[in-house]
file work-v4.cif (mmCIF, C-alpha atoms)
data_my_file
#
loop_
_atom_site.group_PDB
_atom_site.id
_atom_site.type_symbol
_atom_site.label_atom_id
_atom_site.label_comp_id
_atom_site.auth_asym_id
_atom_site.auth_seq_id
_atom_site.Cartn_x
_atom_site.Cartn_y
_atom_site.Cartn_z
ATOM 1 C CA MET A 17 81.070 115.448 91.912
ATOM 2 C CA ALA A 18 79.655 111.919 91.985
ATOM 3 C CA LEU A 19 81.197 109.290 94.260
ATOM 4 C CA SER A 20 82.223 107.327 91.176
ATOM 5 C CA ASP A 21 84.240 110.335 89.930
ATOM 6 C CA VAL A 22 86.424 110.434 93.042
ATOM 7 C CA ASP A 23 89.833 108.747 92.910
ATOM 8 C CA PRO A 24 89.755 106.568 96.061
ATOM 9 C CA ARG A 25 93.549 106.831 96.327
ATOM 10 C CA TYR A 26 93.364 110.623 96.564
ATOM 11 C CA PRO A 27 89.783 111.605 97.382
ATOM 12 C CA ILE A 28 90.870 115.178 98.247
ATOM 13 C CA GLY A 29 93.533 115.349 95.541
ATOM 14 C CA GLU A 30 97.290 115.048 95.878
ATOM 15 C CA PHE A 31 99.259 117.382 98.121
ATOM 16 C CA GLU A 32 100.427 120.560 96.442
ATOM 17 C CA ALA A 33 102.929 122.645 98.361
ATOM 18 C CA PRO A 34 102.373 126.387 98.061
ATOM 19 C CA ALA A 35 105.231 128.484 96.684
ATOM 20 C CA THR A 36 105.260 130.426 99.962
ATOM 21 C CA ILE A 37 103.581 129.503 103.221
ATOM 22 C CA THR A 38 101.674 132.197 105.077
ATOM 23 C CA PRO A 39 101.046 132.438 108.816
ATOM 24 C CA ASP A 40 97.346 131.811 108.085
ATOM 25 C CA GLU A 41 98.215 128.562 106.304
ATOM 26 C CA ARG A 42 100.313 127.492 109.292
ATOM 27 C CA THR A 43 97.416 128.328 111.627
ATOM 28 C CA GLY A 44 95.079 126.313 109.403
ATOM 29 C CA ALA A 45 97.461 123.352 109.449
ATOM 30 C CA ILE A 46 97.610 123.455 113.243
ATOM 31 C CA ALA A 47 93.800 123.534 113.394
ATOM 32 C CA THR A 48 93.588 120.519 111.076
ATOM 33 C CA LEU A 49 96.109 118.600 113.170
ATOM 34 C CA ALA A 50 94.131 119.484 116.304
ATOM 35 C CA GLU A 51 90.891 118.263 114.712
ATOM 36 C CA LEU A 52 92.247 114.991 113.306
ATOM 37 C CA PRO A 53 91.765 112.779 116.365
ATOM 38 C CA GLU A 54 88.044 113.558 116.563
ATOM 39 C CA GLN A 55 87.559 113.431 112.793
ATOM 40 C CA LEU A 56 89.322 110.079 112.508
ATOM 41 C CA ARG A 57 87.355 108.671 115.440
ATOM 42 C CA ASN A 58 84.101 109.878 113.844
ATOM 43 C CA ALA A 59 85.104 108.393 110.481
ATOM 44 C CA VAL A 60 85.444 104.887 111.944
ATOM 45 C CA ASP A 61 82.676 105.170 114.544
ATOM 46 C CA GLY A 62 80.349 102.187 114.553
ATOM 47 C CA LEU A 63 82.241 100.168 111.961
ATOM 48 C CA SER A 64 82.228 96.418 112.479
ATOM 49 C CA PHE A 65 85.280 94.171 112.483
ATOM 50 C CA ALA A 66 84.429 93.119 108.916
ATOM 51 C CA GLN A 67 84.044 96.732 107.760
ATOM 52 C CA LEU A 68 87.380 97.695 109.333
ATOM 53 C CA SER A 69 88.879 94.732 107.457
ATOM 54 C CA THR A 70 87.709 96.164 104.117
ATOM 55 C CA PRO A 71 90.280 97.848 101.856
ATOM 56 C CA TYR A 72 89.448 101.477 101.119
ATOM 57 C CA ARG A 73 90.096 100.672 97.427
ATOM 58 C CA ASP A 74 91.051 97.655 95.320
ATOM 59 C CA GLY A 75 94.599 96.731 96.280
ATOM 60 C CA GLY A 76 94.642 99.254 99.124
ATOM 61 C CA TRP A 77 94.985 98.953 102.858
ATOM 62 C CA THR A 78 92.123 97.981 105.094
ATOM 63 C CA LEU A 79 90.505 100.726 107.120
ATOM 64 C CA ARG A 80 92.208 99.219 110.190
ATOM 65 C CA GLN A 81 95.592 99.523 108.473
ATOM 66 C CA VAL A 82 94.817 103.117 107.510
ATOM 67 C CA VAL A 83 94.136 104.052 111.149
ATOM 68 C CA HIS A 84 97.310 102.339 112.349
ATOM 69 C CA HIS A 85 99.271 103.935 109.477
ATOM 70 C CA VAL A 86 98.179 107.410 110.565
ATOM 71 C CA ALA A 87 99.533 106.703 114.049
ATOM 72 C CA ASP A 88 102.829 105.365 112.647
ATOM 73 C CA SER A 89 103.238 108.173 110.136
ATOM 74 C CA HIS A 90 102.418 110.960 112.552
ATOM 75 C CA MET A 91 104.746 109.541 115.221
ATOM 76 C CA ASN A 92 107.537 109.710 112.655
ATOM 77 C CA ALA A 93 106.476 113.229 111.657
ATOM 78 C CA LEU A 94 106.564 114.559 115.211
ATOM 79 C CA VAL A 95 110.010 113.054 115.776
ATOM 80 C CA ARG A 96 111.230 114.646 112.528
ATOM 81 C CA VAL A 97 109.881 118.056 113.563
ATOM 82 C CA LYS A 98 111.551 117.761 116.967
ATOM 83 C CA LEU A 99 114.832 116.813 115.290
ATOM 84 C CA ALA A 100 114.478 119.833 112.989
ATOM 85 C CA LEU A 101 113.961 122.093 115.993
ATOM 86 C CA THR A 102 116.962 120.760 117.899
ATOM 87 C CA GLU A 103 119.546 119.947 115.196
ATOM 88 C CA GLU A 104 120.841 121.745 112.102
ATOM 89 C CA TRP A 105 118.958 120.284 109.141
ATOM 90 C CA PRO A 106 119.335 116.639 110.192
ATOM 91 C CA VAL A 107 118.977 113.834 107.703
ATOM 92 C CA VAL A 108 115.940 111.778 108.697
ATOM 93 C CA LYS A 109 115.422 108.121 108.000
ATOM 94 C CA PRO A 110 112.623 107.144 105.645
ATOM 95 C CA TYR A 111 110.657 104.011 106.415
ATOM 96 C CA ASP A 112 108.816 101.471 104.299
ATOM 97 C CA GLU A 113 105.214 102.286 105.207
ATOM 98 C CA ALA A 114 103.885 99.420 103.066
ATOM 99 C CA ALA A 115 106.071 96.954 104.990
ATOM 100 C CA TRP A 116 104.979 98.493 108.299
ATOM 101 C CA ALA A 117 101.343 98.012 107.229
ATOM 102 C CA LYS A 118 101.979 94.259 106.993
ATOM 103 C CA LEU A 119 103.401 93.875 110.514
ATOM 104 C CA HIS A 120 101.368 91.973 113.089
ATOM 105 C CA ASP A 121 100.495 95.050 115.156
ATOM 106 C CA MET A 122 98.239 96.169 112.289
ATOM 107 C CA THR A 123 95.728 93.615 113.598
ATOM 108 C CA ALA A 124 95.518 95.433 116.951
ATOM 109 C CA PRO A 125 92.301 97.154 117.977
ATOM 110 C CA ILE A 126 92.051 100.552 116.288
ATOM 111 C CA GLU A 127 91.306 102.094 119.677
ATOM 112 C CA TRP A 128 94.983 101.736 120.540
ATOM 113 C CA SER A 129 95.988 103.932 117.602
ATOM 114 C CA LEU A 130 93.070 106.327 118.101
ATOM 115 C CA GLU A 131 94.216 106.955 121.690
ATOM 116 C CA LEU A 132 97.830 107.277 120.579
ATOM 117 C CA ILE A 133 96.818 109.816 117.905
ATOM 118 C CA GLU A 134 94.865 111.856 120.466
ATOM 119 C CA ALA A 135 97.865 112.182 122.784
ATOM 120 C CA LEU A 136 100.368 112.594 119.953
ATOM 121 C CA HIS A 137 98.372 115.360 118.285
ATOM 122 C CA ALA A 138 97.820 117.182 121.564
ATOM 123 C CA ARG A 139 101.593 117.365 122.039
ATOM 124 C CA TRP A 140 102.263 118.168 118.379
ATOM 125 C CA VAL A 141 99.746 121.009 118.344
ATOM 126 C CA MET A 142 101.120 122.365 121.629
ATOM 127 C CA LEU A 143 104.611 122.367 120.135
ATOM 128 C CA LEU A 144 103.586 123.992 116.839
ATOM 129 C CA GLN A 145 101.624 126.718 118.629
ATOM 130 C CA SER A 146 104.787 127.693 120.513
ATOM 131 C CA LEU A 147 107.011 128.242 117.474
ATOM 132 C CA ASN A 148 108.511 131.561 116.493
ATOM 133 C CA GLU A 149 109.201 132.626 112.903
ATOM 134 C CA GLN A 150 112.748 131.255 112.865
ATOM 135 C CA GLN A 151 111.634 127.874 114.199
ATOM 136 C CA TRP A 152 108.992 127.515 111.463
ATOM 137 C CA LEU A 153 111.765 127.883 108.887
ATOM 138 C CA ARG A 154 114.019 125.218 110.392
ATOM 139 C CA GLY A 155 113.827 121.805 108.809
ATOM 140 C CA TYR A 156 115.214 118.419 108.007
ATOM 141 C CA ASN A 157 116.598 116.671 104.958
ATOM 142 C CA HIS A 158 114.632 113.690 103.720
ATOM 143 C CA PRO A 159 116.669 111.348 101.472
ATOM 144 C CA GLU A 160 113.747 110.979 99.045
ATOM 145 C CA ASP A 161 111.908 114.311 99.403
ATOM 146 C CA GLY A 162 114.830 116.686 99.935
ATOM 147 C CA PRO A 163 114.724 119.630 102.363
ATOM 148 C CA VAL A 164 111.483 119.929 104.364
ATOM 149 C CA SER A 165 110.855 122.959 106.567
ATOM 150 C CA VAL A 166 108.809 122.657 109.750
ATOM 151 C CA GLU A 167 106.095 124.779 108.145
ATOM 152 C CA LEU A 168 105.993 122.548 105.065
ATOM 153 C CA ALA A 169 105.842 119.458 107.287
ATOM 154 C CA ALA A 170 102.865 120.966 109.139
ATOM 155 C CA LEU A 171 100.997 121.595 105.880
ATOM 156 C CA THR A 172 101.911 118.175 104.519
ATOM 157 C CA TYR A 173 100.630 116.331 107.578
ATOM 158 C CA ALA A 174 97.491 118.453 107.731
ATOM 159 C CA TRP A 175 96.821 117.280 104.168
ATOM 160 C CA HIS A 176 97.768 113.726 105.201
ATOM 161 C CA SER A 177 95.196 113.915 107.993
ATOM 162 C CA ARG A 178 92.385 115.037 105.685
ATOM 163 C CA HIS A 179 93.520 112.540 103.018
ATOM 164 C CA HIS A 180 93.161 109.447 105.187
ATOM 165 C CA VAL A 181 89.923 110.564 106.835
ATOM 166 C CA ALA A 182 88.539 111.113 103.324
ATOM 167 C CA GLN A 183 89.603 107.624 102.231
ATOM 168 C CA ILE A 184 87.531 106.184 105.071
ATOM 169 C CA THR A 185 84.525 108.462 104.627
ATOM 170 C CA HIS A 186 84.567 107.951 100.851
ATOM 171 C CA LEU A 187 84.381 104.168 101.306
ATOM 172 C CA ARG A 188 81.628 104.556 103.901
ATOM 173 C CA ALA A 189 79.592 106.698 101.507
ATOM 174 C CA LYS A 190 80.238 104.343 98.587
ATOM 175 C CA GLU A 191 79.222 101.298 100.626
ATOM 176 C CA ASN A 192 76.386 103.215 102.348
ATOM 177 C CA TRP A 193 77.633 102.225 105.810
#

call {"tool": "encode", "arguments": {"input": "work-v4.cif", "output": "structure tokens"}}
result
Amino acid sequence: MALSDVDPRYPIGEFEAPATITPDERTGAIATLAELPEQLRNAVDGLSFAQLSTPYRDGGWTLRQVVHHVADSHMNALVRVKLALTEEWPVVKPYDEAAWAKLHDMTAPIEWSLELIEALHARWVMLLQSLNEQQWLRGYNHPEDGPVSVELAALTYAWHSRHHVAQITHLRAKENW
């Protein structure tokens, strides 16, 4: 597939939840979450301030905002998983990710979010690796998305990890950076 044929919004395609989730899919999701910090760091390695200030697509976030968004999103995800593991199907609060992307902290050095993601993912992976079958099936209720099991959340955020890395690497390839 040519670079021009790739939708920059969804360079790996949109998330599709499987009808049933297998233990192998959960293991794969954990591996993806474990690999994200290094993959994200590699994706932005060597980019200049101006390149990090470039939107990954017309009307999209800058690469800097994408990195900070991953940190924000995955912090929320870990909290939601921990709530699911400690409460009976709690209702979680959605947040306006587009509004968060406009807050002043989005101008911070990306290193801050890269370090946060490294520590966050280490803890998240440690937690997911410890789960038994019943814990994987626990979940939370999202006001917009409905019921989300821990195993579905793991697969969703594994996709989310690959999705945002691909947005960055797609732009780099397109721009020949």

call {"tool": "residues_near_point", "arguments": {"input": "work-v4.cif", "point": "(102.9, 127.4, 101.1)", "cutoff": "12 Å", "atoms": "all atoms listed in the file", "output": "number ranges by chain"}}
result
A: 31-45, 153, 164-172

call {"tool": "write_last_selection", "arguments": {"input": "work-v4.cif", "atoms": "C-alpha atoms", "output": "compact mmCIF listing (two decimals), in the coordinates of the input"}}
result
# COMPACT_ATOMS: atom_id res chain seq x y z
CA PHE A 31 99.26 117.38 98.12
CA GLU A 32 100.43 120.56 96.44
CA ALA A 33 102.93 122.64 98.36
CA PRO A 34 102.37 126.39 98.06
CA ALA A 35 105.23 128.48 96.68
CA THR A 36 105.26 130.43 99.96
CA ILE A 37 103.58 129.50 103.22
CA THR A 38 101.67 132.20 105.08
CA PRO A 39 101.05 132.44 108.82
CA ASP A 40 97.35 131.81 108.08
CA GLU A 41 98.22 128.56 106.30
CA ARG A 42 100.31 127.49 109.29
CA THR A 43 97.42 128.33 111.63
CA GLY A 44 95.08 126.31 109.40
CA ALA A 45 97.46 123.35 109.45
CA LEU A 153 111.76 127.88 108.89
CA VAL A 164 111.48 119.93 104.36
CA SER A 165 110.86 122.96 106.57
CA VAL A 166 108.81 122.66 109.75
CA GLU A 167 106.10 124.78 108.14
CA LEU A 168 105.99 122.55 105.06
CA ALA A 169 105.84 119.46 107.29
CA ALA A 170 102.86 120.97 109.14
CA LEU A 171 101.00 121.60 105.88
CA THR A 172 101.91 118.18 104.52

call {"tool": "closest_residue", "arguments": {"input": "work-v4.cif", "among": "A:Ala66, A:Val22, A:Val83, A:Leu144", "to": "A:His176", "atoms": "all atoms listed in the file"}}
result
A:Val83

call {"tool": "atom_distance", "arguments": {"input": "work-v4.cif", "atom1": "atom CA of A:Thr123", "atom2": "atom CA of A:Ser69"}}
result
9.3 Å

call {"tool": "closest_residue", "arguments": {"input": "work-v4.cif", "among": "A:Arg80, A:Ala87, A:Val108, A:Ala50", "to": "A:Pro159", "atoms": "only C-alpha atoms"}}
result
A:Val108

call {"tool": "resolve_selection", "arguments": {"input": "work-v4.cif", "expression": "the PyMOL selection byres ((chain A and resi 134-142) around 8)", "output": "VMD selection string"}}
result
chain A and resid 46 49 to 50 52 to 53 90 to 91 94 130 to 133 143 to 146

call {"tool": "atom_distance", "arguments": {"input": "work-v4.cif", "atom1": "atom CA of A:Pro71", "atom2": "atom CA of A:Arg25"}}
result
11.0 Å

call {"tool": "atom_distance", "arguments": {"input": "work-v4.cif", "atom1": "atom CA of A:Ala93", "atom2": "atom CA of A:Ala117"}}
result
16.7 Å

call {"tool": "closest_residue", "arguments": {"input": "work-v4.cif", "among": "A:Trp77, A:Pro125, A:Glu51, A:Tyr72", "to": "A:Asp23", "atoms": "all atoms listed in the file"}}
result
A:Tyr72

call {"tool": "resolve_selection", "arguments": {"input": "work-v4.cif", "expression": "the PyMOL selection byres ((chain A and resi 180) around 12)", "output": "PyMOL selection string"}}
result
chain A and resi 24-30+52-53+55-57+59-60+72+76-87+89-90+173-179+181-187

call {"tool": "resolve_selection", "arguments": {"input": "work-v4.cif", "expression": "the PyMOL selection byres ((chain A and resi 112) around 12)", "output": "list in words"}}
result
His85, Asp88, Ser89, Asn92, Lys109, Pro110, Tyr111, Glu113, Ala114, Ala115, Trp116, Ala117, Lys118, Leu119 and Glu160 of chain A

call {"tool": "residues_around", "arguments": {"input": "work-v4.cif", "residues": "A:Val107", "least_positions_apart": "4", "cutoff": "12 Å", "atoms": "all atoms listed in the file", "output": "list in words"}}
result
Arg96, Val97, Leu99, Ala100, Glu103, Gly155, Tyr156, Asn157, His158, Pro159, Glu160, Asp161, Gly162, Pro163 and Val164 of chain A

call {"tool": "build_atoms", "arguments": {"input": "work-v4.cif", "residues": "stretch 159-188 of chain A", "atoms": "N, CA and C atoms", "output": "PDB file, in the frame of the given file"}}
result
ATOM      1  N   PRO A 159     115.912 111.909 102.597  1.00  0.00           N
ATOM      2  CA  PRO A 159     116.669 111.348 101.472  1.00  0.00           C
ATOM      3  C   PRO A 159     115.879 111.241 100.169  1.00  0.00           C
ATOM      4  N   GLU A 160     114.563 111.107 100.256  1.00  0.00           N
ATOM      5  CA  GLU A 160     113.747 110.979  99.045  1.00  0.00           C
ATOM      6  C   GLU A 160     113.059 112.292  98.663  1.00  0.00           C
ATOM      7  N   ASP A 161     112.689 113.095  99.648  1.00  0.00           N
ATOM      8  CA  ASP A 161     111.908 114.311  99.403  1.00  0.00           C
ATOM      9  C   ASP A 161     112.739 115.583  99.418  1.00  0.00           C
ATOM     10  N   GLY A 162     113.983 115.502  99.857  1.00  0.00           N
ATOM     11  CA  GLY A 162     114.830 116.686  99.935  1.00  0.00           C
ATOM     12  C   GLY A 162     114.552 117.497 101.192  1.00  0.00           C
ATOM     13  N   PRO A 163     114.914 118.793 101.179  1.00  0.00           N
ATOM     14  CA  PRO A 163     114.724 119.630 102.363  1.00  0.00           C
ATOM     15  C   PRO A 163     113.234 119.859 102.646  1.00  0.00           C
ATOM     16  N   VAL A 164     112.870 119.725 103.922  1.00  0.00           N
ATOM     17  CA  VAL A 164     111.483 119.929 104.364  1.00  0.00           C
ATOM     18  C   VAL A 164     111.510 120.853 105.568  1.00  0.00           C
ATOM     19  N   SER A 165     110.925 122.039 105.428  1.00  0.00           N
ATOM     20  CA  SER A 165     110.855 122.959 106.567  1.00  0.00           C
ATOM     21  C   SER A 165     109.771 122.494 107.534  1.00  0.00           C
ATOM     22  N   VAL A 166     109.831 122.984 108.750  1.00  0.00           N
ATOM     23  CA  VAL A 166     108.809 122.657 109.750  1.00  0.00           C
ATOM     24  C   VAL A 166     107.443 123.112 109.250  1.00  0.00           C
ATOM     25  N   GLU A 167     107.389 124.292 108.629  1.00  0.00           N
ATOM     26  CA  GLU A 167     106.095 124.779 108.145  1.00  0.00           C
ATOM     27  C   GLU A 167     105.564 123.913 107.004  1.00  0.00           C
ATOM     28  N   LEU A 168     106.440 123.442 106.132  1.00  0.00           N
ATOM     29  CA  LEU A 168     105.993 122.548 105.065  1.00  0.00           C
ATOM     30  C   LEU A 168     105.539 121.209 105.647  1.00  0.00           C
ATOM     31  N   ALA A 169     106.249 120.707 106.637  1.00  0.00           N
ATOM     32  CA  ALA A 169     105.842 119.458 107.287  1.00  0.00           C
ATOM     33  C   ALA A 169     104.445 119.612 107.902  1.00  0.00           C
ATOM     34  N   ALA A 170     104.183 120.741 108.532  1.00  0.00           N
ATOM     35  CA  ALA A 170     102.865 120.966 109.139  1.00  0.00           C
ATOM     36  C   ALA A 170     101.768 120.929 108.078  1.00  0.00           C
ATOM     37  N   LEU A 171     101.995 121.601 106.953  1.00  0.00           N
ATOM     38  CA  LEU A 171     100.997 121.595 105.880  1.00  0.00           C
ATOM     39  C   LEU A 171     100.841 120.206 105.267  1.00  0.00           C
ATOM     40  N   THR A 172     101.950 119.518 105.096  1.00  0.00           N
ATOM     41  CA  THR A 172     101.911 118.175 104.519  1.00  0.00           C
ATOM     42  C   THR A 172     101.096 117.223 105.393  1.00  0.00           C
ATOM     43  N   TYR A 173     101.330 117.266 106.697  1.00  0.00           N
ATOM     44  CA  TYR A 173     100.630 116.331 107.578  1.00  0.00           C
ATOM     45  C   TYR A 173      99.195 116.768 107.868  1.00  0.00           C
ATOM     46  N   ALA A 174      98.896 118.030 107.690  1.00  0.00           N
ATOM     47  CA  ALA A 174      97.491 118.453 107.731  1.00  0.00           C
ATOM     48  C   ALA A 174      96.766 117.839 106.530  1.00  0.00           C
ATOM     49  N   TRP A 175      97.396 117.927 105.354  1.00  0.00           N
ATOM     50  CA  TRP A 175      96.821 117.280 104.168  1.00  0.00           C
ATOM     51  C   TRP A 175      96.694 115.781 104.405  1.00  0.00           C
ATOM     52  N   HIS A 176      97.751 115.167 104.943  1.00  0.00           N
ATOM     53  CA  HIS A 176      97.768 113.726 105.201  1.00  0.00           C
ATOM     54  C   HIS A 176      96.608 113.332 106.116  1.00  0.00           C
ATOM     55  N   SER A 177      96.316 114.167 107.080  1.00  0.00           N
ATOM     56  CA  SER A 177      95.196 113.915 107.993  1.00  0.00           C
ATOM     57  C   SER A 177      93.878 113.901 107.230  1.00  0.00           C
ATOM     58  N   ARG A 178      93.629 114.941 106.459  1.00  0.00           N
ATOM     59  CA  ARG A 178      92.385 115.037 105.685  1.00  0.00           C
ATOM     60  C   ARG A 178      92.296 113.913 104.655  1.00  0.00           C
ATOM     61  N   HIS A 179      93.424 113.579 104.051  1.00  0.00           N
ATOM     62  CA  HIS A 179      93.520 112.540 103.018  1.00  0.00           C
ATOM     63  C   HIS A 179      93.026 111.195 103.539  1.00  0.00           C
ATOM     64  N   HIS A 180      93.541 110.772 104.687  1.00  0.00           N
ATOM     65  CA  HIS A 180      93.161 109.447 105.187  1.00  0.00           C
ATOM     66  C   HIS A 180      91.752 109.427 105.770  1.00  0.00           C
ATOM     67  N   VAL A 181      91.320 110.498 106.384  1.00  0.00           N
ATOM     68  CA  VAL A 181      89.923 110.564 106.835  1.00  0.00           C
ATOM     69  C   VAL A 181      89.007 110.457 105.610  1.00  0.00           C
ATOM     70  N   ALA A 182      89.360 111.142 104.539  1.00  0.00           N
ATOM     71  CA  ALA A 182      88.539 111.113 103.324  1.00  0.00           C
ATOM     72  C   ALA A 182      88.518 109.719 102.690  1.00  0.00           C
ATOM     73  N   GLN A 183      89.615 108.987 102.764  1.00  0.00           N
ATOM     74  CA  GLN A 183      89.603 107.624 102.231  1.00  0.00           C
ATOM     75  C   GLN A 183      88.549 106.787 102.966  1.00  0.00           C
ATOM     76  N   ILE A 184      88.492 106.952 104.271  1.00  0.00           N
ATOM     77  CA  ILE A 184      87.531 106.184 105.071  1.00  0.00           C
ATOM     78  C   ILE A 184      86.108 106.647 104.790  1.00  0.00           C
ATOM     79  N   THR A 185      85.891 107.950 104.817  1.00  0.00           N
ATOM     80  CA  THR A 185      84.525 108.462 104.627  1.00  0.00           C
ATOM     81  C   THR A 185      84.043 108.235 103.197  1.00  0.00           C
ATOM     82  N   HIS A 186      84.943 108.252 102.232  1.00  0.00           N
ATOM     83  CA  HIS A 186      84.567 107.951 100.851  1.00  0.00           C
ATOM     84  C   HIS A 186      84.072 106.504 100.745  1.00  0.00           C
ATOM     85  N   LEU A 187      84.814 105.574 101.348  1.00  0.00           N
ATOM     86  CA  LEU A 187      84.381 104.168 101.306  1.00  0.00           C
ATOM     87  C   LEU A 187      83.042 104.001 102.022  1.00  0.00           C
ATOM     88  N   ARG A 188      82.902 104.660 103.165  1.00  0.00           N
ATOM     89  CA  ARG A 188      81.628 104.556 103.901  1.00  0.00           C
ATOM     90  C   ARG A 188      80.470 105.048 103.041  1.00  0.00           C
TER      91      ARG A 188
END
